[in-house]
Amino acid sequence: MTVIDEPPPSEPVALTAVVVRRWYETALAAFEEHRKTINALNVYPVPDGDTGTNLVGTMRAALEAVAGPDATLPDVTYSAARGALLAARGNSGVILAQLLRGFADAWGVDTVDGPRFAVGLRRAAESAADAVAEPAPGTILTIAAAAADAADAARAAPLPVLVRSVASSAAEALARTTDQLPALARAGVVDAGGFGLALMLDALTEVVVGKPTGAAIRVVESGSRTARMRVAAEVPRESGSTDFAYEVQYLVDATVDAAERLRCVLSGLGDSLVVVGAADGDEDGLRPWNIHVHVNDVGAAVEAGIEAGRLHRLSVTRFADGPASDLDRPASLAAEPFAVEVNRGVVVVLDAPALRGLVEAEGARVVVASAELDVDAIEAAIRGTGHTDVVVVTRSWAIESTERAAAAARADGFRVAVVPTRSPVQALAALAVRQPERRFDDDVIAMAEAAGSCRHADVSVAVREGLTSVGRCRPGDFLAHADGDVVLLGHNRDEVVTGVVDRLCAAGAELVTVIAGATLPKSSVDYVAAHLARAWPLVEVQIFDGGQREPLVWIGAE
């Protein structure tokens with residue numbers, strides 16, 4: 001670790017909102033200048049050549065989220081962290097977002113001196129490591145830890161001395177990554193993400209001291225000239241292996257507990273798992289989480305996200321397709337043309353019996369759901385489609401029976417994908433985006449994303465007294481659930497229904513679907529329709545008779 005001499009007296013002695021904003025801007029400029037170099041270094045875990053592109057996209061989003069020129073330091077750091085989280089690309093982008101969150105969590109003051117800078121860097125390094133399922137030496141996490149160690153050692157020094165020491169120590173740690181991971185040793189290069197972080201720390205030196213150390217760039221240039229081939233010890237892979245063919249990334253709005261369950265499920269499906277959440281959530285405890293994982297079973301990874309909460313911004317990249325050639329190219333398998341596949345069927349497990357005709361008109365076979373759902377009935381429906389490729393849209397409470405039926409069909413050569421839903425409105429959303437001309441996997445992904453993106457609610461009648469998250473209910477009260485939680489209760493049925501409709505529309509909606517139950521009076525349906533036309537005139541509305549005994553109504557918003 002390197003400690004630099006005393007700085008000139010004109011150099012800043014603390015970080016302010018202005019200095020941090022300039023730091024992030026300078027870091028983005030460095031990422032943009034060296035993007036191709038970072039991409040070329042990207043050989044681990046797979047040579048997909050997109051680390052530099054991902055860092056640029058993530059830091060650009062962070063800066064676009066920063067408030068106006070009068071923003072305080074906490075405003076700058078928190079808004080940048082949230083912007084990075086919501087737009088983070090790839091493994092490196094998600095980790096960068098977590099590093100920014102670590103700074104935000106530690107710097108809740110107007111100015112940051114040397115000791116507090118050291119605390120923030122340590123918090124950032126630890127936060128990033130916590131987000132990764134299996135940390136290992138030789139990655140961006142290694143550089144972050146070395147930088148934090150250097151900051152701790154020089155925390156009593158003036159800020160310019162401290163940041164130069166940190167940048168130099170990060171470059172020294174970067175040089176050592178070649179010996180720490182076999183993939184890097186075979187290629188004779190340093191870690192791509194680690195180089196990005198070292199550039200970012202050197203950008204801070206440029207802002208505080210007036211010029212960068214240039215140490216990280218010299219490390220890369222020296223390595224590229226010698227192209228060292230080394231023998232490194234095999235270590236568990238933090239970022240993944242070539243065993244998995246797809247990179248799956250999405251945002252999911254979920255509680256902390258649901259995100260932890262999702263982490264456990266995804267860790268069993270693949271590797272390169274990174275789970276990063278926002279610092280806080282809404283009144284229901286929901287917060288956005290950025291999920292990144294490498295898998296072979298894309299459908300299972302998407303299903304797990306839908307089970308955890310509301311899934312959106314789904315991106316799937318097949319490594320065999322190679323890296324995107326442009327920063328703005330969508331990371332989607334659907335970006336390339338594929339041959340038409342017509343040998344495909346759809347089965348829908350449905351608990352709104354009056355919707356049967358509507359669903360069958362979309363070319364799907366229907367299995368009417370019941371308390372004791374028959375596995376044989378689902379399997380028969382799969383086989384009865386007349387196709388070997390089948391998508392089964394099912395209810396989440398029926399997932400076990402559906403998976404058993406799917407397994408039986410797969411044993412006889414069928415290719416079956418299961419898309420779970422929490423409400424019939426999500427099933428309709430999935431059917432609406434179905435396109436048989438797409439590749440099978442692409443169609444499954446699109447259907448799962450549409451289902452997960454459809455916010456859902458229902459209204460039922462309380463049958464017993466109890467305590468809910470919004471107060472005590474009594475028999476006969478009307479309870480509104482949104483995305484699985486009680487959000488409203490009251491004595492007036494129409495007010496509760498329109499109240500939850502307003503809640504869904506206020507979060508943003510272009511289409512509202514209402515599925516009325518058998519016991520919901522026509523007057524209530526008309527009341528809801530009139531309310532939507534009056535209060536939300538720009539929202540498209542579709543109303544169906546579901547025929548279900550309970551709940552009174554299902555509502556969906558897309």
# chains A, B, ... in the order shown; residues from 1 in each chain; ligands from 1

$ residues_around --residues "segment 22-25 of chain A" --least-positions-apart "2" --cutoff "9 Å" --atoms "only C-alpha atoms" --output "VMD selection string"
chain A and resid 17 to 20 27 to 30 59 to 60 62 to 63 80 200 to 201 203 to 208

$ residues_around --residues "segment 124-137 of chain A" --least-positions-apart "6" --cutoff "10 Å" --atoms "only C-alpha atoms" --output "JSON, numbers by chain"
{"A": [91, 94, 95, 96, 97, 98, 99, 100, 101, 102, 103, 104, 105, 106, 118, 143, 144, 145, 146, 147, 148, 149, 176, 177, 179, 180, 181, 235, 236, 237, 238, 239, 240, 263, 264, 266, 267, 271, 272, 273, 274, 275, 276, 277, 291, 292, 293]}

$ residues_around --residues "Asp253 of chain A" --least-positions-apart "2" --cutoff "10 Å" --atoms "only C-alpha atoms" --output "list in words"
Leu251, Thr255, Val256, Ala258, Ala259, Gly277, Ala278, Gly281, Asp282, Gly285, Leu286, Arg287, Pro288, Trp289, Asn290, Gly305, Ile306, Ala308, Gly309, Arg310, Leu311, His312 and Ser453 of chain A

$ select_by_dssp --residues "segment 114-182 of chain A" --states "alpha helix (DSSP H)" --output "PyMOL selection string"
chain A and resi 114-131+140-153+159-176+182

$ residues_around --residues "Leu269 of chain A" --least-positions-apart "3" --cutoff "8 Å" --atoms "only C-alpha atoms" --output "list in words"
Val265, Leu266, Val295, Asn296, Asp297, Ala300 and Ala301 of chain A

$ closest_residue --among "A:Leu489, A:Leu504, A:Val470, A:Val347" --to "Asp389 of chain A" --atoms "only C-alpha atoms"
A:Val347

$ select_by_dssp --residues "segment 277-457 of chain A" --states "strand (DSSP E)" --output "MDAnalysis selection string"
chainID A and resid 277 287:295 310:318 344:350 365:368 389:395 415:421 455:457

$ residues_around --residues "Gly83 of chain A" --least-positions-apart "2" --cutoff "7 Å" --atoms "only C-alpha atoms" --output "JSON, numbers by chain"
{"A": [61, 62, 65, 79, 80, 81, 85, 86, 87]}

$ write_last_selection --atoms "N, CA and C atoms" --output "PDB file, in the first residue's frame"
ATOM      1  N   ALA A  61     -26.461   6.431 -15.862  1.00  0.00           N
ATOM      2  CA  ALA A  61     -27.770   6.468 -15.217  1.00  0.00           C
ATOM      3  C   ALA A  61     -27.682   7.089 -13.826  1.00  0.00           C
ATOM      4  N   ALA A  62     -26.593   6.807 -13.116  1.00  0.00           N
ATOM      5  CA  ALA A  62     -26.407   7.384 -11.784  1.00  0.00           C
ATOM      6  C   ALA A  62     -26.382   8.907 -11.860  1.00  0.00           C
ATOM      7  N   ALA A  65     -29.685  10.643 -12.600  1.00  0.00           N
ATOM      8  CA  ALA A  65     -30.626  10.653 -11.481  1.00  0.00           C
ATOM      9  C   ALA A  65     -30.291  11.712 -10.435  1.00  0.00           C
ATOM     10  N   SER A  79     -29.369   9.711  -4.606  1.00  0.00           N
ATOM     11  CA  SER A  79     -30.012   9.695  -5.915  1.00  0.00           C
ATOM     12  C   SER A  79     -29.137   8.969  -6.941  1.00  0.00           C
ATOM     13  N   ALA A  80     -27.827   9.153  -6.868  1.00  0.00           N
ATOM     14  CA  ALA A  80     -26.929   8.446  -7.779  1.00  0.00           C
ATOM     15  C   ALA A  80     -26.980   6.943  -7.535  1.00  0.00           C
ATOM     16  N   ALA A  81     -27.002   6.545  -6.273  1.00  0.00           N
ATOM     17  CA  ALA A  81     -27.058   5.116  -5.956  1.00  0.00           C
ATOM     18  C   ALA A  81     -28.343   4.489  -6.464  1.00  0.00           C
ATOM     19  N   LEU A  85     -28.787   1.668  -9.382  1.00  0.00           N
ATOM     20  CA  LEU A  85     -29.467   0.407  -9.081  1.00  0.00           C
ATOM     21  C   LEU A  85     -30.514   0.080 -10.135  1.00  0.00           C
ATOM     22  N   LEU A  86     -31.325   1.059 -10.492  1.00  0.00           N
ATOM     23  CA  LEU A  86     -32.441   0.807 -11.404  1.00  0.00           C
ATOM     24  C   LEU A  86     -31.983   0.560 -12.837  1.00  0.00           C
ATOM     25  N   ALA A  87     -30.786   1.012 -13.191  1.00  0.00           N
ATOM     26  CA  ALA A  87     -30.323   0.864 -14.574  1.00  0.00           C
ATOM     27  C   ALA A  87     -29.070   0.005 -14.698  1.00  0.00           C
TER      28      ALA A  87
END

$ residues_around --residues "Asp70 of chain A" --least-positions-apart "5" --cutoff "12 Å" --atoms "only C-alpha atoms" --output "ChimeraX atom specification"
/A:16-18,21,75-76,110

$ write_last_selection --atoms "all heavy atoms" --output "compact mmCIF listing (two decimals), in the first residue's frame"
# COMPACT_ATOMS: atom_id res chain seq x y z
N THR A 16 -17.41 17.51 -0.83
CA THR A 16 -18.70 18.18 -0.76
C THR A 16 -19.58 17.64 -1.87
O THR A 16 -19.15 16.82 -2.70
CB THR A 16 -18.54 19.69 -0.91
OG1 THR A 16 -18.00 19.94 -2.23
CG2 THR A 16 -17.60 20.26 0.14
N ALA A 17 -20.83 18.11 -1.93
CA ALA A 17 -21.72 17.69 -3.00
C ALA A 17 -21.13 18.02 -4.36
O ALA A 17 -21.21 17.21 -5.30
CB ALA A 17 -23.08 18.36 -2.83
N VAL A 18 -20.51 19.18 -4.49
CA VAL A 18 -19.92 19.59 -5.76
C VAL A 18 -18.76 18.69 -6.14
O VAL A 18 -18.64 18.25 -7.29
CB VAL A 18 -19.45 21.06 -5.69
CG1 VAL A 18 -18.66 21.44 -6.94
CG2 VAL A 18 -20.65 21.98 -5.51
N ARG A 21 -20.07 15.13 -7.12
CA ARG A 21 -20.68 15.16 -8.45
C ARG A 21 -19.60 15.20 -9.53
O ARG A 21 -19.68 14.47 -10.54
CB ARG A 21 -21.60 16.36 -8.58
CG ARG A 21 -22.43 16.36 -9.87
CD ARG A 21 -23.02 17.75 -10.10
NE ARG A 21 -23.98 18.11 -9.09
CZ ARG A 21 -25.31 17.98 -9.23
NH1 ARG A 21 -25.78 17.43 -10.31
NH2 ARG A 21 -26.11 18.37 -8.26
N ASP A 75 -28.17 14.05 -0.86
CA ASP A 75 -29.03 14.01 -2.04
C ASP A 75 -28.28 13.45 -3.25
O ASP A 75 -28.81 12.61 -4.00
CB ASP A 75 -29.56 15.41 -2.38
CG ASP A 75 -30.58 15.91 -1.37
OD1 ASP A 75 -31.16 15.07 -0.66
OD2 ASP A 75 -30.77 17.15 -1.28
N VAL A 76 -27.07 13.92 -3.44
CA VAL A 76 -26.27 13.47 -4.58
C VAL A 76 -25.97 11.99 -4.49
O VAL A 76 -26.17 11.23 -5.45
CB VAL A 76 -24.96 14.29 -4.68
CG1 VAL A 76 -24.02 13.66 -5.72
CG2 VAL A 76 -25.26 15.73 -5.05
N ASP A 110 -22.98 16.89 5.17
CA ASP A 110 -22.72 17.85 4.09
C ASP A 110 -21.29 17.80 3.57
O ASP A 110 -21.04 18.13 2.41
CB ASP A 110 -23.03 19.27 4.57
CG ASP A 110 -24.52 19.48 4.78
OD1 ASP A 110 -25.31 18.77 4.12
OD2 ASP A 110 -24.90 20.33 5.60

$ closest_residue --among "A:Pro160, A:Gly384, A:Gly108, A:Gly508" --to "Thr213 of chain A" --atoms "only C-alpha atoms"
A:Pro160

$ residues_around --residues "Val391 of chain A" --least-positions-apart "3" --cutoff "6 Å" --atoms "only C-alpha atoms" --output "ChimeraX atom specification"
/A:346,416-418

$ atom_distance --atom1 "atom CA of Glu303 of chain A" --atom2 "atom CA of Ala377 of chain A"
22.0 Å

$ atom_distance --atom1 "atom CA of Asp545 of chain A" --atom2 "atom CA of Pro353 of chain A"
9.1 Å

$ decode --residues "segment 513-534 of chain A" --atoms "N, CA and C atoms" --output "PDB file, in the first residue's frame"
ATOM      1  N   THR A 513     -57.671  -4.015 -16.082  1.00  0.00           N
ATOM      2  CA  THR A 513     -58.559  -5.153 -16.344  1.00  0.00           C
ATOM      3  C   THR A 513     -59.330  -5.466 -15.082  1.00  0.00           C
ATOM      4  N   VAL A 514     -60.656  -5.580 -15.205  1.00  0.00           N
ATOM      5  CA  VAL A 514     -61.522  -5.906 -14.081  1.00  0.00           C
ATOM      6  C   VAL A 514     -62.208  -7.236 -14.380  1.00  0.00           C
ATOM      7  N   ILE A 515     -62.037  -8.213 -13.476  1.00  0.00           N
ATOM      8  CA  ILE A 515     -62.697  -9.511 -13.610  1.00  0.00           C
ATOM      9  C   ILE A 515     -63.689  -9.640 -12.468  1.00  0.00           C
ATOM     10  N   ALA A 516     -64.963  -9.467 -12.791  1.00  0.00           N
ATOM     11  CA  ALA A 516     -66.012  -9.434 -11.773  1.00  0.00           C
ATOM     12  C   ALA A 516     -66.420 -10.841 -11.367  1.00  0.00           C
ATOM     13  N   GLY A 517     -66.619 -11.022 -10.059  1.00  0.00           N
ATOM     14  CA  GLY A 517     -67.062 -12.306  -9.540  1.00  0.00           C
ATOM     15  C   GLY A 517     -68.570 -12.466  -9.633  1.00  0.00           C
ATOM     16  N   ALA A 518     -69.049 -13.692  -9.345  1.00  0.00           N
ATOM     17  CA  ALA A 518     -70.471 -13.992  -9.476  1.00  0.00           C
ATOM     18  C   ALA A 518     -71.319 -13.203  -8.493  1.00  0.00           C
ATOM     19  N   THR A 519     -70.750 -12.804  -7.351  1.00  0.00           N
ATOM     20  CA  THR A 519     -71.531 -12.110  -6.322  1.00  0.00           C
ATOM     21  C   THR A 519     -71.359 -10.601  -6.342  1.00  0.00           C
ATOM     22  N   LEU A 520     -70.630 -10.080  -7.321  1.00  0.00           N
ATOM     23  CA  LEU A 520     -70.481  -8.630  -7.423  1.00  0.00           C
ATOM     24  C   LEU A 520     -71.648  -8.065  -8.237  1.00  0.00           C
ATOM     25  N   PRO A 521     -72.498  -7.217  -7.648  1.00  0.00           N
ATOM     26  CA  PRO A 521     -73.669  -6.693  -8.368  1.00  0.00           C
ATOM     27  C   PRO A 521     -73.255  -5.902  -9.610  1.00  0.00           C
ATOM     28  N   LYS A 522     -74.145  -5.928 -10.608  1.00  0.00           N
ATOM     29  CA  LYS A 522     -73.883  -5.158 -11.819  1.00  0.00           C
ATOM     30  C   LYS A 522     -73.773  -3.673 -11.515  1.00  0.00           C
ATOM     31  N   SER A 523     -74.492  -3.213 -10.500  1.00  0.00           N
ATOM     32  CA  SER A 523     -74.412  -1.804 -10.139  1.00  0.00           C
ATOM     33  C   SER A 523     -73.007  -1.421  -9.704  1.00  0.00           C
ATOM     34  N   SER A 524     -72.317  -2.348  -9.025  1.00  0.00           N
ATOM     35  CA  SER A 524     -70.941  -2.082  -8.603  1.00  0.00           C
ATOM     36  C   SER A 524     -69.996  -2.060  -9.794  1.00  0.00           C
ATOM     37  N   VAL A 525     -70.221  -2.969 -10.736  1.00  0.00           N
ATOM     38  CA  VAL A 525     -69.403  -2.970 -11.952  1.00  0.00           C
ATOM     39  C   VAL A 525     -69.562  -1.658 -12.698  1.00  0.00           C
ATOM     40  N   ASP A 526     -70.797  -1.204 -12.827  1.00  0.00           N
ATOM     41  CA  ASP A 526     -71.049   0.067 -13.517  1.00  0.00           C
ATOM     42  C   ASP A 526     -70.423   1.239 -12.757  1.00  0.00           C
ATOM     43  N   TYR A 527     -70.466   1.180 -11.419  1.00  0.00           N
ATOM     44  CA  TYR A 527     -69.896   2.238 -10.597  1.00  0.00           C
ATOM     45  C   TYR A 527     -68.384   2.338 -10.819  1.00  0.00           C
ATOM     46  N   VAL A 528     -67.719   1.179 -10.863  1.00  0.00           N
ATOM     47  CA  VAL A 528     -66.275   1.154 -11.080  1.00  0.00           C
ATOM     48  C   VAL A 528     -65.941   1.682 -12.466  1.00  0.00           C
ATOM     49  N   ALA A 529     -66.720   1.266 -13.474  1.00  0.00           N
ATOM     50  CA  ALA A 529     -66.463   1.716 -14.840  1.00  0.00           C
ATOM     51  C   ALA A 529     -66.613   3.233 -14.949  1.00  0.00           C
ATOM     52  N   ALA A 530     -67.667   3.766 -14.317  1.00  0.00           N
ATOM     53  CA  ALA A 530     -67.885   5.211 -14.357  1.00  0.00           C
ATOM     54  C   ALA A 530     -66.773   5.959 -13.622  1.00  0.00           C
ATOM     55  N   HIS A 531     -66.325   5.398 -12.505  1.00  0.00           N
ATOM     56  CA  HIS A 531     -65.240   6.034 -11.746  1.00  0.00           C
ATOM     57  C   HIS A 531     -63.956   6.080 -12.573  1.00  0.00           C
ATOM     58  N   LEU A 532     -63.637   4.997 -13.256  1.00  0.00           N
ATOM     59  CA  LEU A 532     -62.427   4.970 -14.077  1.00  0.00           C
ATOM     60  C   LEU A 532     -62.515   5.985 -15.209  1.00  0.00           C
ATOM     61  N   ALA A 533     -63.682   6.075 -15.840  1.00  0.00           N
ATOM     62  CA  ALA A 533     -63.851   7.021 -16.943  1.00  0.00           C
ATOM     63  C   ALA A 533     -63.706   8.459 -16.464  1.00  0.00           C
ATOM     64  N   ARG A 534     -64.153   8.725 -15.235  1.00  0.00           N
ATOM     65  CA  ARG A 534     -64.108  10.082 -14.703  1.00  0.00           C
ATOM     66  C   ARG A 534     -62.728  10.440 -14.130  1.00  0.00           C
TER      67      ARG A 534
END
